[in-house]
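Trainee: protein.pdb is reproduced in full below (PDB, C-alpha atoms, pLDDT in the B column).
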```pdb
ATOM      1  CA  MET A  16     -20.044  60.136 -30.343  1.00 51.00           C
ATOM      2  CA  ASP A  17     -19.648  57.579 -27.567  1.00 55.00           C
ATOM      3  CA  SER A  18     -15.965  56.988 -27.117  1.00 56.00           C
ATOM      4  CA  THR A  19     -16.484  53.874 -24.875  1.00 59.00           C
ATOM      5  CA  ARG A  20     -14.585  50.976 -26.380  1.00 67.00           C
ATOM      6  CA  GLY A  21     -15.546  47.294 -25.729  1.00 67.00           C
ATOM      7  CA  PHE A  22     -13.572  44.083 -26.140  1.00 68.00           C
ATOM      8  CA  THR A  23     -12.759  42.899 -29.584  1.00 80.00           C
ATOM      9  CA  LEU A  24     -13.629  39.403 -30.762  1.00 75.00           C
ATOM     10  CA  VAL A  25      -9.958  38.372 -30.633  1.00 77.00           C
ATOM     11  CA  GLU A  26      -9.634  39.511 -27.014  1.00 76.00           C
ATOM     12  CA  VAL A  27     -12.747  37.596 -26.030  1.00 78.00           C
ATOM     13  CA  LEU A  28     -11.465  34.435 -27.729  1.00 79.00           C
ATOM     14  CA  VAL A  29      -8.069  34.748 -26.026  1.00 81.00           C
ATOM     15  CA  ALA A  30      -9.768  35.168 -22.640  1.00 80.00           C
ATOM     16  CA  LEU A  31     -11.940  32.094 -23.286  1.00 82.00           C
ATOM     17  CA  VAL A  32      -8.881  30.020 -24.239  1.00 83.00           C
ATOM     18  CA  ILE A  33      -7.056  31.095 -21.084  1.00 83.00           C
ATOM     19  CA  MET A  34     -10.092  30.280 -18.917  1.00 83.00           C
ATOM     20  CA  ALA A  35     -10.438  26.890 -20.600  1.00 82.00           C
ATOM     21  CA  LEU A  36      -6.763  26.094 -19.948  1.00 83.00           C
ATOM     22  CA  MET A  37      -7.070  27.149 -16.310  1.00 82.00           C
ATOM     23  CA  ALA A  38     -10.248  25.085 -15.885  1.00 80.00           C
ATOM     24  CA  GLY A  39      -8.519  22.048 -17.412  1.00 78.00           C
ATOM     25  CA  MET A  40      -5.528  22.402 -15.108  1.00 79.00           C
ATOM     26  CA  ALA A  41      -7.819  22.799 -12.096  1.00 77.00           C
ATOM     27  CA  TRP A  42      -9.802  19.689 -13.107  1.00 75.00           C
ATOM     28  CA  GLN A  43      -6.630  17.629 -13.453  1.00 73.00           C
ATOM     29  CA  GLY A  44      -5.576  18.732  -9.982  1.00 72.00           C
ATOM     30  CA  VAL A  45      -8.952  17.828  -8.461  1.00 71.00           C
ATOM     31  CA  ASP A  46      -9.013  14.506 -10.314  1.00 67.00           C
ATOM     32  CA  GLY A  47      -5.521  13.676  -9.034  1.00 69.00           C
ATOM     33  CA  ILE A  48      -6.564  14.461  -5.467  1.00 70.00           C
ATOM     34  CA  VAL A  49      -9.655  12.254  -5.770  1.00 66.00           C
ATOM     35  CA  ARG A  50      -7.651   9.371  -7.257  1.00 68.00           C
ATOM     36  CA  THR A  51      -5.036   9.656  -4.519  1.00 67.00           C
ATOM     37  CA  ARG A  52      -7.722   9.679  -1.868  1.00 65.00           C
ATOM     38  CA  ASP A  53      -9.436   6.598  -3.345  1.00 61.00           C
ATOM     39  CA  THR A  54      -6.122   4.733  -3.580  1.00 62.00           C
ATOM     40  CA  SER A  55      -5.238   5.613   0.005  1.00 64.00           C
ATOM     41  CA  GLN A  56      -8.687   4.519   1.162  1.00 69.00           C
ATOM     42  CA  ARG A  57      -8.371   1.146  -0.595  1.00 72.00           C
ATOM     43  CA  GLN A  58      -4.912   0.584   0.874  1.00 72.00           C
ATOM     44  CA  LEU A  59      -6.184   1.460   4.334  1.00 75.00           C
ATOM     45  CA  GLU A  60      -9.094  -0.950   4.005  1.00 81.00           C
ATOM     46  CA  GLN A  61      -6.762  -3.708   2.765  1.00 81.00           C
ATOM     47  CA  THR A  62      -4.372  -3.108   5.653  1.00 82.00           C
ATOM     48  CA  LEU A  63      -7.195  -3.212   8.197  1.00 88.00           C
ATOM     49  CA  ARG A  64      -8.508  -6.399   6.598  1.00 88.00           C
ATOM     50  CA  LEU A  65      -5.057  -7.966   6.678  1.00 89.00           C
ATOM     51  CA  ASN A  66      -4.589  -7.101  10.350  1.00 91.00           C
ATOM     52  CA  THR A  67      -8.020  -8.515  11.221  1.00 93.00           C
ATOM     53  CA  VAL A  68      -7.332 -11.778   9.378  1.00 93.00           C
ATOM     54  CA  LEU A  69      -3.904 -12.202  10.973  1.00 93.00           C
ATOM     55  CA  ALA A  70      -5.439 -11.522  14.398  1.00 94.00           C
ATOM     56  CA  GLN A  71      -7.924 -14.365  13.781  1.00 94.00           C
ATOM     57  CA  TRP A  72      -5.059 -16.588  12.629  1.00 94.00           C
ATOM     58  CA  GLN A  73      -3.168 -15.946  15.860  1.00 94.00           C
ATOM     59  CA  THR A  74      -6.308 -16.457  17.944  1.00 94.00           C
ATOM     60  CA  ASP A  75      -6.852 -19.871  16.356  1.00 94.00           C
ATOM     61  CA  LEU A  76      -3.272 -20.938  17.003  1.00 94.00           C
ATOM     62  CA  ALA A  77      -3.309 -19.680  20.581  1.00 93.00           C
ATOM     63  CA  ALA A  78      -6.325 -21.912  21.304  1.00 93.00           C
ATOM     64  CA  VAL A  79      -4.976 -25.160  19.770  1.00 94.00           C
ATOM     65  CA  GLN A  80      -6.185 -28.160  21.770  1.00 92.00           C
ATOM     66  CA  ASP A  81      -4.670 -31.641  21.549  1.00 92.00           C
ATOM     67  CA  THR A  82      -7.612 -33.981  22.155  1.00 90.00           C
ATOM     68  CA  GLY A  83      -5.863 -37.208  21.170  1.00 90.00           C
ATOM     69  CA  ALA A  84      -8.786 -38.089  18.892  1.00 92.00           C
ATOM     70  CA  VAL A  85      -7.467 -36.292  15.794  1.00 94.00           C
ATOM     71  CA  PRO A  86      -4.211 -34.501  14.951  1.00 93.00           C
ATOM     72  CA  PRO A  87      -4.190 -31.093  16.682  1.00 94.00           C
ATOM     73  CA  LEU A  88      -2.195 -29.293  13.972  1.00 94.00           C
ATOM     74  CA  VAL A  89      -1.386 -30.475  10.437  1.00 93.00           C
ATOM     75  CA  PHE A  90      -0.137 -28.704   7.310  1.00 93.00           C
ATOM     76  CA  ASP A  91      -0.035 -30.518   3.970  1.00 90.00           C
ATOM     77  CA  GLY A  92       1.390 -27.727   1.830  1.00 87.00           C
ATOM     78  CA  ALA A  93      -1.970 -26.328   0.765  1.00 87.00           C
ATOM     79  CA  THR A  94      -4.157 -26.562   3.859  1.00 92.00           C
ATOM     80  CA  LEU A  95      -3.586 -26.120   7.580  1.00 94.00           C
ATOM     81  CA  ARG A  96      -5.970 -27.943   9.905  1.00 95.00           C
ATOM     82  CA  LEU A  97      -6.154 -27.544  13.666  1.00 95.00           C
ATOM     83  CA  THR A  98      -8.412 -28.295  16.598  1.00 95.00           C
ATOM     84  CA  ARG A  99      -9.090 -25.368  18.902  1.00 94.00           C
ATOM     85  CA  ASN A 100     -10.711 -25.020  22.281  1.00 93.00           C
ATOM     86  CA  VAL A 101     -13.899 -22.918  22.362  1.00 93.00           C
ATOM     87  CA  PRO A 102     -16.401 -22.266  25.186  1.00 93.00           C
ATOM     88  CA  ASP A 103     -18.831 -24.895  23.820  1.00 92.00           C
ATOM     89  CA  GLY A 104     -16.252 -27.618  23.245  1.00 94.00           C
ATOM     90  CA  VAL A 105     -13.732 -28.190  20.445  1.00 95.00           C
ATOM     91  CA  GLN A 106     -13.946 -27.237  16.790  1.00 95.00           C
ATOM     92  CA  VAL A 107     -11.915 -27.975  13.695  1.00 95.00           C
ATOM     93  CA  VAL A 108     -10.532 -24.945  11.855  1.00 95.00           C
ATOM     94  CA  VAL A 109      -9.134 -25.058   8.315  1.00 95.00           C
ATOM     95  CA  TRP A 110      -7.017 -22.387   6.623  1.00 95.00           C
ATOM     96  CA  SER A 111      -6.540 -22.968   2.904  1.00 93.00           C
ATOM     97  CA  MET A 112      -5.473 -21.208  -0.286  1.00 90.00           C
ATOM     98  CA  ARG A 113      -7.802 -21.383  -3.294  1.00 89.00           C
ATOM     99  CA  PRO A 114      -7.392 -19.968  -6.829  1.00 88.00           C
ATOM    100  CA  GLN A 115      -9.300 -16.783  -7.589  1.00 85.00           C
ATOM    101  CA  GLY A 116      -8.750 -15.370 -11.055  1.00 83.00           C
ATOM    102  CA  ALA A 117      -5.110 -14.395 -11.532  1.00 84.00           C
ATOM    103  CA  SER A 118      -4.344 -14.692  -7.801  1.00 88.00           C
ATOM    104  CA  ASN A 119      -5.381 -16.757  -4.772  1.00 91.00           C
ATOM    105  CA  ALA A 120      -7.684 -16.241  -1.830  1.00 91.00           C
ATOM    106  CA  TRP A 121      -6.958 -17.238   1.769  1.00 92.00           C
ATOM    107  CA  GLU A 122     -10.030 -18.939   3.221  1.00 94.00           C
ATOM    108  CA  ARG A 123     -11.032 -20.041   6.704  1.00 94.00           C
ATOM    109  CA  TRP A 124     -13.533 -22.735   7.611  1.00 94.00           C
ATOM    110  CA  ALA A 125     -14.694 -23.600  11.133  1.00 94.00           C
ATOM    111  CA  SER A 126     -16.816 -26.562  12.146  1.00 93.00           C
ATOM    112  CA  PRO A 127     -19.529 -26.447  14.805  1.00 93.00           C
ATOM    113  CA  ALA A 128     -18.247 -26.972  18.344  1.00 94.00           C
ATOM    114  CA  VAL A 129     -18.474 -30.582  19.553  1.00 94.00           C
ATOM    115  CA  THR A 130     -17.813 -32.358  22.839  1.00 93.00           C
ATOM    116  CA  GLY A 131     -17.333 -36.004  21.869  1.00 92.00           C
ATOM    117  CA  SER A 132     -14.489 -37.820  20.130  1.00 93.00           C
ATOM    118  CA  ALA A 133     -16.758 -39.374  17.485  1.00 94.00           C
ATOM    119  CA  ALA A 134     -18.261 -35.996  16.569  1.00 94.00           C
ATOM    120  CA  LEU A 135     -14.805 -34.446  16.431  1.00 94.00           C
ATOM    121  CA  GLN A 136     -13.603 -37.182  14.100  1.00 94.00           C
ATOM    122  CA  ASP A 137     -16.619 -36.537  11.860  1.00 94.00           C
ATOM    123  CA  SER A 138     -15.739 -32.832  11.754  1.00 93.00           C
ATOM    124  CA  TRP A 139     -12.141 -33.717  10.895  1.00 94.00           C
ATOM    125  CA  PHE A 140     -13.313 -35.979   8.065  1.00 94.00           C
ATOM    126  CA  THR A 141     -15.575 -33.194   6.782  1.00 92.00           C
ATOM    127  CA  SER A 142     -12.648 -30.770   6.805  1.00 91.00           C
ATOM    128  CA  GLN A 143     -10.810 -33.063   4.386  1.00 90.00           C
ATOM    129  CA  GLN A 144     -13.670 -32.933   1.866  1.00 89.00           C
ATOM    130  CA  LEU A 145     -14.067 -29.168   1.524  1.00 86.00           C
ATOM    131  CA  GLN A 146     -14.644 -27.890  -2.000  1.00 81.00           C
ATOM    132  CA  GLY A 147     -15.329 -24.229  -1.200  1.00 76.00           C
ATOM    133  CA  GLY A 148     -18.580 -22.484  -0.403  1.00 76.00           C
ATOM    134  CA  GLU A 149     -19.564 -24.785   2.458  1.00 78.00           C
ATOM    135  CA  PRO A 150     -21.394 -23.331   5.490  1.00 79.00           C
ATOM    136  CA  GLY A 151     -18.889 -21.836   7.879  1.00 76.00           C
ATOM    137  CA  GLN A 152     -16.358 -21.016   5.146  1.00 83.00           C
ATOM    138  CA  LEU A 153     -15.166 -17.432   4.857  1.00 87.00           C
ATOM    139  CA  ARG A 154     -13.021 -15.806   2.173  1.00 87.00           C
ATOM    140  CA  ALA A 155     -10.659 -14.035   4.545  1.00 88.00           C
ATOM    141  CA  LEU A 156      -8.075 -12.396   2.277  1.00 89.00           C
ATOM    142  CA  GLU A 157      -7.715 -11.939  -1.480  1.00 89.00           C
ATOM    143  CA  GLY A 158      -4.863 -11.043  -3.818  1.00 89.00           C
ATOM    144  CA  LEU A 159      -2.275 -13.591  -2.640  1.00 92.00           C
ATOM    145  CA  SER A 160       0.188 -15.471  -4.815  1.00 92.00           C
ATOM    146  CA  GLN A 161       1.323 -18.111  -2.304  1.00 92.00           C
ATOM    147  CA  TRP A 162       1.872 -18.898   1.361  1.00 92.00           C
ATOM    148  CA  GLN A 163       4.405 -20.857   3.393  1.00 93.00           C
ATOM    149  CA  VAL A 164       4.148 -22.296   6.879  1.00 94.00           C
ATOM    150  CA  TYR A 165       6.972 -23.188   9.270  1.00 95.00           C
ATOM    151  CA  PHE A 166       6.963 -24.822  12.706  1.00 94.00           C
ATOM    152  CA  TYR A 167       9.335 -23.908  15.520  1.00 93.00           C
ATOM    153  CA  GLN A 168      10.697 -27.208  16.836  1.00 87.00           C
ATOM    154  CA  GLY A 169      14.056 -28.135  18.290  1.00 81.00           C
ATOM    155  CA  ASN A 170      15.139 -24.503  18.724  1.00 87.00           C
ATOM    156  CA  SER A 171      14.792 -23.743  14.998  1.00 90.00           C
ATOM    157  CA  TRP A 172      12.251 -23.077  12.276  1.00 92.00           C
ATOM    158  CA  SER A 173      11.617 -25.967   9.900  1.00 90.00           C
ATOM    159  CA  ASN A 174       9.259 -26.835   7.078  1.00 87.00           C
ATOM    160  CA  ALA A 175       5.833 -27.633   8.528  1.00 85.00           C
ATOM    161  CA  GLN A 176       5.657 -30.774   6.391  1.00 79.00           C
ATOM    162  CA  SER A 177       8.873 -32.250   7.772  1.00 69.00           C
ATOM    163  CA  THR A 178       8.719 -35.112  10.256  1.00 56.00           C
ATOM    164  CA  GLY A 179      10.450 -35.547  13.560  1.00 52.00           C
ATOM    165  CA  ASN A 180      10.089 -34.464  17.179  1.00 52.00           C
ATOM    166  CA  LEU A 181       7.676 -37.281  17.968  1.00 51.00           C
ATOM    167  CA  ALA A 182       5.356 -36.919  20.928  1.00 52.00           C
ATOM    168  CA  VAL A 183       5.525 -39.295  23.884  1.00 49.00           C
ATOM    169  CA  PRO A 184       2.392 -41.501  24.116  1.00 49.00           C
ATOM    170  CA  ALA A 185      -0.133 -40.399  26.711  1.00 47.00           C
ATOM    171  CA  PRO A 186       0.118 -42.109  30.140  1.00 49.00           C
ATOM    172  CA  ALA A 187      -3.323 -43.679  29.686  1.00 42.00           C
ATOM    173  CA  ALA A 188      -2.216 -45.322  26.453  1.00 42.00           C
ATOM    174  CA  GLN A 189       0.988 -46.562  28.062  1.00 44.00           C
ATOM    175  CA  ALA A 190      -0.895 -48.015  31.030  1.00 46.00           C
ATOM    176  CA  SER A 191      -3.332 -49.866  28.796  1.00 41.00           C
ATOM    177  CA  GLY A 192      -0.487 -51.577  26.989  1.00 46.00           C
ATOM    178  CA  ALA A 193      -1.883 -50.565  23.606  1.00 44.00           C
ATOM    179  CA  ALA A 194       0.584 -49.740  20.871  1.00 46.00           C
ATOM    180  CA  ALA A 195       0.133 -45.998  20.421  1.00 48.00           C
ATOM    181  CA  ALA A 196       0.878 -44.756  16.934  1.00 51.00           C
ATOM    182  CA  PRO A 197       3.731 -42.244  16.952  1.00 55.00           C
ATOM    183  CA  ARG A 198       2.730 -38.713  16.078  1.00 62.00           C
ATOM    184  CA  GLN A 199       4.526 -35.442  15.699  1.00 66.00           C
ATOM    185  CA  ALA A 200       4.649 -33.243  18.781  1.00 79.00           C
ATOM    186  CA  LEU A 201       3.069 -29.836  18.700  1.00 89.00           C
ATOM    187  CA  PRO A 202       5.506 -27.064  17.831  1.00 92.00           C
ATOM    188  CA  SER A 203       5.912 -24.128  20.170  1.00 91.00           C
ATOM    189  CA  GLY A 204       5.396 -21.614  17.369  1.00 93.00           C
ATOM    190  CA  VAL A 205       4.036 -21.258  13.847  1.00 95.00           C
ATOM    191  CA  ARG A 206       5.332 -18.886  11.171  1.00 95.00           C
ATOM    192  CA  VAL A 207       3.272 -17.921   8.141  1.00 95.00           C
ATOM    193  CA  VAL A 208       4.721 -16.095   5.123  1.00 95.00           C
ATOM    194  CA  LEU A 209       2.166 -14.508   2.787  1.00 94.00           C
ATOM    195  CA  SER A 210       3.202 -13.340  -0.689  1.00 93.00           C
ATOM    196  CA  PHE A 211       0.978 -10.818  -2.464  1.00 91.00           C
ATOM    197  CA  ALA A 212       0.182 -10.967  -6.168  1.00 89.00           C
ATOM    198  CA  PRO A 213       0.929  -8.014  -8.480  1.00 87.00           C
ATOM    199  CA  GLY A 214      -1.978  -5.583  -8.626  1.00 79.00           C
ATOM    200  CA  SER A 215      -3.410  -6.696  -5.285  1.00 78.00           C
ATOM    201  CA  GLY A 216      -2.717  -3.336  -3.657  1.00 76.00           C
ATOM    202  CA  LEU A 217      -0.174  -4.851  -1.270  1.00 79.00           C
ATOM    203  CA  ASN A 218       3.426  -5.510  -2.244  1.00 81.00           C
ATOM    204  CA  GLY A 219       6.071  -8.084  -1.309  1.00 87.00           C
ATOM    205  CA  THR A 220       5.596 -10.522   1.535  1.00 91.00           C
ATOM    206  CA  ILE A 221       4.587 -10.387   5.170  1.00 92.00           C
ATOM    207  CA  THR A 222       5.792 -12.748   7.910  1.00 94.00           C
ATOM    208  CA  ARG A 223       3.914 -13.357  11.131  1.00 93.00           C
ATOM    209  CA  ASP A 224       5.099 -15.563  14.017  1.00 94.00           C
ATOM    210  CA  SER A 225       2.550 -16.957  16.461  1.00 92.00           C
ATOM    211  CA  LEU A 226       2.925 -18.803  19.744  1.00 87.00           C
ATOM    212  CA  LEU A 227       0.813 -21.850  20.421  1.00 85.00           C
ATOM    213  CA  GLY A 228      -1.182 -22.058  23.602  1.00 67.00           C
ATOM    214  CA  PRO A 229       0.096 -24.106  26.556  1.00 64.00           C
TER
END
```
The structure in this file should be written as structure tokens.
Mentor:
Amino acid sequence: MDSTRGFTLVEVLVALVIMALMAGMAWQGVDGIVRTRDTSQRQLEQTLRLNTVLAQWQTDLAAVQDTGAVPPLVFDGATLRLTRNVPDGVQVVVWSMRPQGASNAWERWASPAVTGSAALQDSWFTSQQLQGGEPGQLRALEGLSQWQVYFYQGNSWSNAQSTGNLAVPAPAAQASGAAAAPRQALPSGVRVVLSFAPGSGLNGTITRDSLLGP
């Protein structure tokens, strides 16, 4: 008689259970690695996006141009408007915060470059009527809860909506004898504080100081 002995049914079932447990543990490990990689990738993309947006913000502020036709830099608590010098002339740039679901989105709008005072005033008027989705408007950054802006004036940071530090009228206006309306002088720096909403992938707040151009 053949004395060769095979596996019993119980041994086969035990081996299958052990293999199933090992396969489940291996799958959980692989799934955890994939989830960690996806999370890291999203955070990296968000960080790169944030750095790109803040670089554009600083570029806009560094090119601020006071034309005398419209205010060069104004913040009303929800929207920051500025006029910046570009190779083709001057354009109006608007940074604003708009609701988006449970958080807010930081948006940037830029007008076409113009060379005349009347055209610049038209662009400024258009910038005050934005509703979202207009040509030239870009959703720059999502997942924000709020933002704050400060101006550096008089050797200190102050609320961008505060008044004071009035500019001296231009020599041409003084020579003409016309009564020039007082306006606030340009600050030497601008500080923005961005607060991120829960679940946005970025935590806490970030502060960025920018120098204005000469």
Trainee: Within 8 Å of (9.4, -18.4, 4.2), in the coordinates the file gives, what residues turn up when you count all atoms listed in the file, written out as a PyMOL selection string?
Mentor: chain A and resi 163-165+207-208+222
Trainee: Find the residues around A:Ser215 up to 12 Å (only C-alpha atoms counted), leave out those fewer than 5 positions away in its own chain, and share them as a PyMOL selection string.
Mentor: chain A and resi 54+57-58+61-62+115-120+156-160+210+220
Trainee: Can you list what the PyMOL selection byres ((chain A and resi 79) around 7) grabs from this structure, as a PyMOL selection string?
Mentor: chain A and resi 75-78+80-81+87+97-100+227-228
Trainee: Give me the residues within 6 Å of A:Gly104 as a list in words, counting all atoms listed in the file and dropping any in the same chain fewer than 2 places off.
Mentor: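 Residues near the query, excluding close chain neighbours: Val101, Pro102, Ala128, Val129 and Thr130 of chain A.
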Trainee: Just how far from atom CA of A:Glu26 is atom CA of A:Val45, in Å to one decimal?
Mentor: 28.5 Å
Trainee: What is the distance, in Å and to one decimal place, between atom CA of A:Ser225 and atom CA of A:Gln146?
Mentor: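 Spanning atom CA of A:Ser225 to atom CA of A:Gln146 is a straight-line distance of 27.5 Å.
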Trainee: State, in Å with one decimal place, the distance from atom CA of A:Phe140 to atom CA of A:Arg206.
Mentor: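 Between atom CA of A:Phe140 and atom CA of A:Arg206 the gap is 25.5 Å.
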Trainee: Tell me which residues the PyMOL selection byres ((chain A and resi 171) around 12) grabs here, as a list of chain:residue names.
Mentor: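 That expression, the PyMOL selection byres ((chain A and resi 171) around 12), corresponds here to A:Tyr165, A:Phe166, A:Tyr167, A:Gln168, A:Gly169, A:Asn170, A:Trp172, A:Ser173, A:Asn174, A:Ala175, A:Asn180, A:Pro202, A:Ser203, A:Gly204, A:Val205, A:Arg206.
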Trainee: Convert the output of the PyMOL selection byres ((chain A and resi 126) around 8) on the shown file into explicit residues, formatted as a ChimeraX atom specification.
Mentor: /A:106-108,124-125,127-128,138,142,151
Trainee: Just need the box for stretch 26-45 of chain A, edges along x, y and z, holding every atom the file lists for it with 3 Å tacked onto each side, so centre and edge lengths in Å to one decimal, as JSON.
Mentor:
```
{"center_x": -9.1, "center_y": 28.6, "center_z": -18.1, "size_x": 13.2, "size_y": 27.9, "size_z": 25.3}
```
Trainee: Within 6 Å of A:Glu122, counting all atoms listed in the file, which residues qualify if same-chain residues fewer than 4 places away don't, as a ChimeraX atom specification?
Mentor: /A:110-111,153-155
